[in-house]
Amino acid sequence: MNKNSSNIMALAPNTSNKRETVCIFGTGDFGRALGHKMIQSGYPVVYGSRSTQISNLIPKDAEVLSHAEAAQKAAIIIIAIQRQHYNFLIPLAEILHGKVLVDISNNLKLNQYPESNAEYLAQLLPGSRVVKAFNTVSAWALQSGTLDASRQVFVCGDDVEAKQMVMNIVRALGLTPLDKGSLLAAQEIENYPLQLFPMWKLPIFLSLGLTAFFFFYCLALDVIYTYIYEKNNFSFFIAITIPNRVCPVMALILLALVYVPGIFAAIIQLYRGTKYRRFPDWLDKWMLCRKQLGLIALAFASLHVVFTLVSPMRAFVNWRMSKGIISQALNNKTEPLNTTNAWISDSYLSLGILGFFLFVLLGITSLPSVSNNVNWREFRFVQSKLGYLALILCTAHTLVYGGKWFLSPSAYKWYLPNIYMLSLVVPCAVLVVKFVLIFPCVDKPLTQIRQGWERNPKHSE
Amino acid sequence: MNKNSSNIMALAPNTSNKRETVCIFGTGDFGRALGHKMIQSGYPVVYGSRSTQISNLIPKDAEVLSHAEAAQKAAIIIIAIQRQHYNFLIPLAEILHGKVLVDISNNLKLNQYPESNAEYLAQLLPGSRVVKAFNTVSAWALQSGTLDASRQVFVCGDDVEAKQMVMNIVRALGLTPLDKGSLLAAQEIENYPLQLFPMWKLPIFLSLGLTAFFFFYCLALDVIYTYIYEKNNFSFFIAITIPNRVCPVMALILLALVYVPGIFAAIIQLYRGTKYRRFPDWLDKWMLCRKQLGLIALAFASLHVVFTLVSPMRAFVNWRMSKGIISQALNNKTEPLNTTNAWISDSYLSLGILGFFLFVLLGITSLPSVSNNVNWREFRFVQSKLGYLALILCTAHTLVYGGKWFLSPSAYKWYLPNIYMLSLVVPCAVLVVKFVLIFPCVDKPLTQIRQGWERNPKHSE
Amino acid sequence: MNKNSSNIMALAPNTSNKRETVCIFGTGDFGRALGHKMIQSGYPVVYGSRSTQISNLIPKDAEVLSHAEAAQKAAIIIIAIQRQHYNFLIPLAEILHGKVLVDISNNLKLNQYPESNAEYLAQLLPGSRVVKAFNTVSAWALQSGTLDASRQVFVCGDDVEAKQMVMNIVRALGLTPLDKGSLLAAQEIENYPLQLFPMWKLPIFLSLGLTAFFFFYCLALDVIYTYIYEKNNFSFFIAITIPNRVCPVMALILLALVYVPGIFAAIIQLYRGTKYRRFPDWLDKWMLCRKQLGLIALAFASLHVVFTLVSPMRAFVNWRMSKGIISQALNNKTEPLNTTNAWISDSYLSLGILGFFLFVLLGITSLPSVSNNVNWREFRFVQSKLGYLALILCTAHTLVYGGKWFLSPSAYKWYLPNIYMLSLVVPCAVLVVKFVLIFPCVDKPLTQIRQGWERNPKHSE
């Protein structure tokens with residue numbers, strides 16, 4: 001305790017007047033980049049290196065000494081060497097005792113080692129105060145000063161004071177430190193920069209697969225069938241018509257898939273009579289990627305909206321309309337307004353607009369800064385109530401639009417159902433089951449179960 | 001001080017090696033859910049319970065002891081019991097002395113008790129270190145692992161070290177602790193999960209009321225009047241035509257209402273000659289919900305844009321256009337381009353687009369993450385300067401569009417003014433008064449007053 | 001150490017029971033506003049003032065004493081006086097010893113003094129614990145309670161405990177403290193409220209200049225040329241047609257300009273054979289405003305989309321279409337569908353939609369809350385890979401749309417190239433050079449250089 005408090009005393013005047021020396025072990029790329037940046041920010045930098053001669057790559061204002069000499073010059077030592085060479089630090093254990101060691105290393109694969117590099121370092125040198133930091137920043141970004149993405153530097157460590165010292169350096173370099181707690185968080189921090197949208201993989205592959213399926217389905221029915229049986233070359237449908245059929249179908253199905261796991265969960269809980277048993281793994285995974293499914297559905301819905309809105313600008317649509325008008329004019333007659341048609345056209349457009357509007361609201365609420373500002377009750381209200389309303393409106397939009405096809409035999413080319421019918425299967429099933437689940441006789445026991453009640457508590461474990 | 005420092009000593013090795021035992025008082029739903037989650041995260045959990053027999057609901061790796069025994073096993077005790085039973089803790093005061101007590105309770109109503117539950121607990125057990133935490137997380141969310149909304153856990157407490165210990169647990173559970181300061185913040189934290197968009201209530205009810213009024217106004221004038229006097233069944237106007245009249249009117253009026261309280265405030269300050277007296281309550285409330293009014297206005301404006309853009313896809317619009325073209329064709333003549341009409345149509349569209357563009361910019365700036373990144377000067381520039389510009393453009397858009405109706409007697413069905421005229425009253429009034437307020441002879445004293453100057457300081461108190 | 005710990009002891013019961021007295025030096029506007037707010041939040045406030053008589057402006061629950069007397073009543077003293085009067089505090093040095101002095105001052109210009117006001121204050125009174133805070137909040141906002149923008153209060157200081165005390169007050173006033181580290185951050189904090197979108201100036205002026213140029217270019221070719229040589233008055237083109245030509249051109253050029261500095265940087269590094277030398281200043285500046293350029297490009301692209309989508313609603317477009325249909329009808333013939341035209345029209349629309357979709361994705365990812373949630377690898381993937389894809393799609397969109405004009409002589413009015421051709425110069429150049437840079441024979445040495453390798457390390461210094 002004595003040592004610590006004298007340290008604080010010593011630090012306080014230093015930080016206000018001039019910056020204290022930082023030592024960097026290792027003259028690799030990241031060590032050099034970090035040294036450059038630190039010298040720019042006013043820190044005296046001393047390098048610890050096996051050979052003190054390769055000095056021309058090193059920033060010229062930095063000193064290069066042996067590891068032992070360098071370590072003695074500074075209270076903070078940045079370990080810019082790879083994990084497999086950490087062993088060479090063991091002889092220096094005495095010099096490094098009480099020093100703040102900053103582990104900045106990254107691995108090549110997720111969970112490459114049983115324990116994180118920082119924890120391994122702490123085990124090797126139990127007398128030192130190990131802090132994990134800087135591993136999420138790239139050397140190139142440090143060098144070029146273009147740190148758009150990762151101004152955030154995750155910091156973790158068991159020693160609060162050591163962590164504070166490192167966080168001050170992070171701030172001085174123009175970055176934002178984020179305290180992630182004790183050294184146990186190091187594993188997570190080391191895995192972080194290796195990820196490439198881990199939560200998005202499954203939803204994206206699912207969407208790509210379904211999109212490809214529906215695209216070729218439409219291609220077969222709309223282009224190839226027409227070409228074979230009606231001798232019309234509608235190959236240009238590939239550009240807009242078919243995408244504008246696939247997008248709404250994908251949006252509706254993916255939106256419905258967002259609500260499927262919740263329904264499965266309810267059924268499982270009702271069947272088991274308890275909430276204290278884990279869901280099957282596939283259901284857990286599905287639940288965790290609902291947000292991503294919803295956002296991809298929103299992307300498809302947005303594309304559908306724009307594809308639809310450009311249709312009056314398409315040469316094909318204009319040609320078709322002209323043909324209709326000219327044939328009326330040549331027959332010397334004007335068709336009267338068909339009120340039923342006007343009702344159908346206006347109501348499916350209106351349903352679609354309102355559904356899309358709610359959908360966009362859901363998307364905005366899922367922005368991190370917005371969802372952090374709502375509480376649990378508000379989030380559930382938006383994501384569950386408004387989400388189901390959006391699903392109802394979008395399903396109704398599709399039903400009103402595609403309704404007339406159901407009974408028309410011409411819709412069954414090659415005896416295959418139209419794509420609209422396929423798209424309605426999942427959402428209709430979800431809505432029907434959900435409708436059953438909100439009946440009081442089903443809803444009441446479910447609510448009880450979710451509040452902790454068990455049907456047969458004796459057998460629950 | 002001695003005790004604390006020995007505590008720190010004791011903690012440091014613990015956190016780096018293995019996690020320390022946590023005690024949970026109470027085996028209700030939330031206590032069990034939290035225990036499950038903690039065991040998953042590697043914490044040994046011991047339950048304190050009146051009866052040690054109802055153990056089959058409790059996670060199986062947890063120990064169940066009497067309250068006194070359980071409390072002695074851990075430095076942190078989570079009080080998962082209801083406020084009305086806090087009294088039973090008083091006999092345990094000696095055992096709980098110096099321990100960290102985590103109050104996780106919630107109330108059923110806002111401000112149910114005079115003091116917060118956490119402060120009440122601290123009063124009952126003055127020797128313990130009370131920390132408020134976890135109350136914003138739902139048991140169901142903890143259990144199912146789907147914590148989209150409330151990864152944030154608000155933490156407050158008077159003892160910095162105790163708070164730090166609790167925040168470490170929060171982090172270990174995969175949640176984000178947010179330090180809200182001393183125990184005085186507990187009231188606010190306890191009220192937080194009970195709210196359902198408190199700031200949105202007034203603006204939403206206002207908009208619903210106005211929307212209903214304008215909807216029936218349009219219904220009367222456009223559908224019922226036409227049906228009675230012209231025998232035309234335009235009932236399908238309900239789907240798109242009428243919503244697309246109500247939406248822009250609502251957007252314009254709500255946008256104007258955002259700027260009304262600022263104008264009232266300026267007038268009141270000019271009249272009083274001081275800024276050091278409070279505004280009337282209604283004005284304060286109005287000022288605080290300006291952001292919500294503006295966002296609802298933006299929602300209406302967006303709906304108006306989409307409703308307008310789909311119009312070429314409507315059966316009614318196509319029929320009307322065909323009729324016009326066919327009648328020209330049958331009369332063998334082509335009308336020349338009317339340049340005035342082209343100017344009017346293009347300029348109201350253009351004004352509307354630019355106004356909507358600025359409006360969307362305002363909306364984006366009001367996203368929490370964006371507004372946190374701008375300073376006061378920048379925020380005022382966007383919200384005041386660009387906001388007024390948006391209001392001017394939208395008012396001009398409406399004036400150019402609806403201008404021709406003002407003088408036409410056919411616009412006054414049943415002697416009622418057209419809805420466009422109604423919508424222009426508030427925005428025009430706002431713009432005229434604002435125009436007066438920026439005259440130097442008015443602006444100068446107002447600026448002085450806002451900088452702290454008083455007209456007759458003697459009578460200001 | 002002794003003194004500090006006794007302070008903590010003394011504070012702990014205070015904060016939980018009632019709030020401790022705060023002293024404010026200076027009775028100017030901000031001092032009064034802050035006092036009002038603090039009294040509202042339950043703090044006893046005492047003012048230190050030269051004259052104790054001007055009390056009627058001061059909140060009535062506050063005491064007014066001489067500086068020395070007031071300072072003795074509180075542990076925290078807010079210095080609400082201007083920097084040039086800081087000298088008068090020197091005689092009070094003994095009384096202020098160990099006290100927390102909160103510097104809230106702002107300057108009139110960026111970097112007005114060599115050291116920040118807070119550091120200057122700390123130099124004058126080395127025995128006091130200086131904390132910088134509150135300077136980003138406006139007095140008017142404090143008074144009126146409308147703190148939409150700047151709920152964030154930046155706090156910095158060398159004494160951790162003093163900083164903590166000030167941050168507790170900030171929280172109690174309903175604001176959000178943000179710890180910016182040691183007093184070295186004061187300069188940055190003092191400059192913050194003086195900025196008005198500093199990063200946006202260059203991109204905005206560049207866009208305004210280019211927009212004006214292209215607007216008059218179009219005006220000359222489309223309106224004036226047509227008026228002179230074809231006697232047609234197309235002046236209404238100013239409202240929509242010309243903006244809808246300028247917007248896509250600006251969007252495409254600005255998007256390409258986002259990727260130009262990266263290409264320059266690669267060429268410079270390849271030429272120099274090292275990454276350890278700084279880029280020229282203009283390149284550094286250009287790199288730092290890429291995000292802003294991209295967002296302005298997105299704004300232009302969005303305007304282009306809406307301007308395009310409203311075109312079926314324009315009187316001119318309807319007139320032109322009617323004319324075409326009527327002339328066909330009068331000639332008694334229906335033109336067959338031109339499949340090539342349909343392909344061209346559909347594919348440029350489709351390319352444009354997909355390009356805009358990716359562009360919007362890029363915009364969403366650059367929202368602070370989203371970009372904080374992605375790691376470096378993910379951010380680079382989106383901004384670099386998807387960004388180039390968006391550029392390719394938008395360039396292709398323009399090429400397909402404007403392709404037919406290249407060879408038509410009527411496109412060269414007054415021997416000037418059409419605006420589409422001008423817009424394609426920069427993006428095509430960027431894409432061609434980028435295409436060369438991803439060849440393995442160029443990409444490999446570049447990657448090595450970026451990993452720290454040098455071609456001729458001897459001459460690198």
# chains A, B, ... in the order shown; residues from 1 in each chain; ligands from 1
>>> interface_residues(of="chain B", to="chain C", cutoff="6 Å", atoms="only C-alpha atoms", output="PyMOL selection string")
chain B and resi 181+325+329+342-343+345-347+350+369+371+375-376+378-379+452
>>> write_last_selection(atoms="N, CA, C and O atoms", output="PDB file, in the first residue's frame")
ATOM      1  N   GLY B 181     -23.759   7.864 -10.314  1.00  0.00           N
ATOM      2  CA  GLY B 181     -23.389   8.723  -9.192  1.00  0.00           C
ATOM      3  C   GLY B 181     -23.836   8.177  -7.852  1.00  0.00           C
ATOM      4  O   GLY B 181     -23.907   6.966  -7.649  1.00  0.00           O
ATOM      5  N   ILE B 325     -56.107  12.036 -71.814  1.00  0.00           N
ATOM      6  CA  ILE B 325     -55.395  11.843 -73.078  1.00  0.00           C
ATOM      7  C   ILE B 325     -56.365  11.415 -74.177  1.00  0.00           C
ATOM      8  O   ILE B 325     -56.322  11.924 -75.302  1.00  0.00           O
ATOM      9  N   ALA B 329     -57.216  13.013 -77.744  1.00  0.00           N
ATOM     10  CA  ALA B 329     -57.006  12.269 -78.991  1.00  0.00           C
ATOM     11  C   ALA B 329     -58.288  12.246 -79.814  1.00  0.00           C
ATOM     12  O   ALA B 329     -58.258  12.424 -81.041  1.00  0.00           O
ATOM     13  N   ALA B 342     -46.250  24.433 -65.754  1.00  0.00           N
ATOM     14  CA  ALA B 342     -45.003  23.696 -65.567  1.00  0.00           C
ATOM     15  C   ALA B 342     -44.194  24.330 -64.435  1.00  0.00           C
ATOM     16  O   ALA B 342     -43.632  23.634 -63.583  1.00  0.00           O
ATOM     17  N   TRP B 343     -44.140  25.657 -64.425  1.00  0.00           N
ATOM     18  CA  TRP B 343     -43.425  26.360 -63.358  1.00  0.00           C
ATOM     19  C   TRP B 343     -44.038  26.042 -61.993  1.00  0.00           C
ATOM     20  O   TRP B 343     -43.334  25.720 -61.042  1.00  0.00           O
ATOM     21  N   SER B 345     -46.037  23.533 -61.046  1.00  0.00           N
ATOM     22  CA  SER B 345     -45.896  22.129 -60.651  1.00  0.00           C
ATOM     23  C   SER B 345     -44.463  21.827 -60.249  1.00  0.00           C
ATOM     24  O   SER B 345     -44.194  21.213 -59.218  1.00  0.00           O
ATOM     25  N   ASP B 346     -43.491  22.314 -61.052  1.00  0.00           N
ATOM     26  CA  ASP B 346     -42.105  22.016 -60.728  1.00  0.00           C
ATOM     27  C   ASP B 346     -41.654  22.709 -59.461  1.00  0.00           C
ATOM     28  O   ASP B 346     -40.896  22.145 -58.666  1.00  0.00           O
ATOM     29  N   SER B 347     -42.132  23.957 -59.245  1.00  0.00           N
ATOM     30  CA  SER B 347     -41.575  24.659 -58.087  1.00  0.00           C
ATOM     31  C   SER B 347     -42.181  24.142 -56.790  1.00  0.00           C
ATOM     32  O   SER B 347     -41.479  24.063 -55.782  1.00  0.00           O
ATOM     33  N   SER B 350     -40.294  21.012 -56.087  1.00  0.00           N
ATOM     34  CA  SER B 350     -38.911  21.286 -55.701  1.00  0.00           C
ATOM     35  C   SER B 350     -38.845  21.839 -54.274  1.00  0.00           C
ATOM     36  O   SER B 350     -38.000  21.419 -53.473  1.00  0.00           O
ATOM     37  N   SER B 369     -26.835   9.560 -30.841  1.00  0.00           N
ATOM     38  CA  SER B 369     -25.396   9.455 -31.058  1.00  0.00           C
ATOM     39  C   SER B 369     -24.880  10.624 -31.872  1.00  0.00           C
ATOM     40  O   SER B 369     -23.727  11.014 -31.741  1.00  0.00           O
ATOM     41  N   SER B 371     -26.368  13.796 -31.870  1.00  0.00           N
ATOM     42  CA  SER B 371     -26.440  15.045 -31.102  1.00  0.00           C
ATOM     43  C   SER B 371     -25.418  15.056 -29.975  1.00  0.00           C
ATOM     44  O   SER B 371     -25.036  16.121 -29.508  1.00  0.00           O
ATOM     45  N   ASN B 375     -21.497  20.162 -30.650  1.00  0.00           N
ATOM     46  CA  ASN B 375     -21.539  21.049 -29.491  1.00  0.00           C
ATOM     47  C   ASN B 375     -22.788  21.923 -29.549  1.00  0.00           C
ATOM     48  O   ASN B 375     -23.572  21.866 -30.491  1.00  0.00           O
ATOM     49  N   TRP B 376     -22.956  22.734 -28.518  1.00  0.00           N
ATOM     50  CA  TRP B 376     -24.142  23.533 -28.369  1.00  0.00           C
ATOM     51  C   TRP B 376     -24.361  24.462 -29.553  1.00  0.00           C
ATOM     52  O   TRP B 376     -25.467  24.617 -30.072  1.00  0.00           O
ATOM     53  N   GLU B 378     -23.252  24.155 -32.636  1.00  0.00           N
ATOM     54  CA  GLU B 378     -23.616  23.418 -33.835  1.00  0.00           C
ATOM     55  C   GLU B 378     -25.063  22.947 -33.767  1.00  0.00           C
ATOM     56  O   GLU B 378     -25.815  23.032 -34.739  1.00  0.00           O
ATOM     57  N   PHE B 379     -25.489  22.473 -32.573  1.00  0.00           N
ATOM     58  CA  PHE B 379     -26.850  21.977 -32.414  1.00  0.00           C
ATOM     59  C   PHE B 379     -27.857  23.107 -32.654  1.00  0.00           C
ATOM     60  O   PHE B 379     -28.855  22.923 -33.345  1.00  0.00           O
ATOM     61  N   GLY B 452     -28.294  38.105 -19.595  1.00  0.00           N
ATOM     62  CA  GLY B 452     -28.349  38.364 -18.163  1.00  0.00           C
ATOM     63  C   GLY B 452     -28.749  39.773 -17.785  1.00  0.00           C
ATOM     64  O   GLY B 452     -28.930  40.082 -16.606  1.00  0.00           O
TER      65      GLY B 452
END
>>> select_by_dssp(residues="range 189-322 of chain A", states="alpha helix (DSSP H)", output="VMD selection string")
chain A and resid 189 to 191 201 to 218 225 to 230 243 to 272 281 to 288 290 to 309 315 to 322
>>> residues_around(residues="Gly35 in chain C", least_positions_apart="4", cutoff="10 Å", atoms="only C-alpha atoms", output="ChimeraX atom specification")
/C:22-24,27,29-31,39-41,43-47,58-59,61-62,78,142-143
>>> write_last_selection(atoms="C-alpha atoms", output="PDB file, in the first residue's frame")
ATOM      1  CA  VAL C  22     -20.841  24.831  -3.235  1.00  0.00           C
ATOM      2  CA  CYS C  23     -19.141  28.208  -3.543  1.00  0.00           C
ATOM      3  CA  ILE C  24     -19.330  30.259  -6.717  1.00  0.00           C
ATOM      4  CA  THR C  27     -21.977  36.856  -9.988  1.00  0.00           C
ATOM      5  CA  ASP C  29     -24.640  35.542 -15.957  1.00  0.00           C
ATOM      6  CA  PHE C  30     -23.202  32.033 -15.937  1.00  0.00           C
ATOM      7  CA  GLY C  31     -22.441  32.138 -12.218  1.00  0.00           C
ATOM      8  CA  ILE C  39     -30.165  25.416  -5.629  1.00  0.00           C
ATOM      9  CA  GLN C  40     -32.922  23.676  -7.596  1.00  0.00           C
ATOM     10  CA  SER C  41     -30.933  20.445  -7.290  1.00  0.00           C
ATOM     11  CA  TYR C  43     -27.129  22.306  -3.126  1.00  0.00           C
ATOM     12  CA  PRO C  44     -26.615  25.146  -0.661  1.00  0.00           C
ATOM     13  CA  VAL C  45     -24.878  27.851  -2.688  1.00  0.00           C
ATOM     14  CA  VAL C  46     -22.690  30.647  -1.425  1.00  0.00           C
ATOM     15  CA  TYR C  47     -21.414  33.391  -3.721  1.00  0.00           C
ATOM     16  CA  ILE C  58     -28.673  36.509  -7.403  1.00  0.00           C
ATOM     17  CA  PRO C  59     -30.923  33.557  -6.559  1.00  0.00           C
ATOM     18  CA  ASP C  61     -31.671  31.270  -1.402  1.00  0.00           C
ATOM     19  CA  ALA C  62     -27.980  31.917  -1.960  1.00  0.00           C
ATOM     20  CA  ILE C  78     -16.584  27.332  -9.044  1.00  0.00           C
ATOM     21  CA  LEU C 142     -29.097  25.806 -17.919  1.00  0.00           C
ATOM     22  CA  GLN C 143     -31.748  28.417 -17.141  1.00  0.00           C
TER      23      GLN C 143
END
>>> select_by_dssp(residues="range 69-248 of chain C", states="strand (DSSP E)", output="list in words")
Ile76, Ile77, Ile78, Ile79, Val100, Leu101, Val102, Asp103, Arg129, Val130, Val131, Lys132, Gln152, Val153, Phe154, Val155, Cys156, Gly157, Thr176, Pro177, Leu178 and Asp179 of chain C
>>> residues_around(residues="Gly355 in chain B", least_positions_apart="3", cutoff="9 Å", atoms="only C-alpha atoms", output="PyMOL selection string")
chain B and resi 350-352+358-360+389-395+397
>>> atom_distance(atom1="CA of Leu362 in chain B", atom2="CA of Leu202 in chain B")
21.0 Å
>>> residues_around(residues="Leu206 in chain C", least_positions_apart="3", cutoff="12 Å", atoms="only C-alpha atoms", output="VMD selection string")
chain C and resid 200 to 203 209 to 213 250 253 to 254 257 286 289 292 to 293 296 to 297
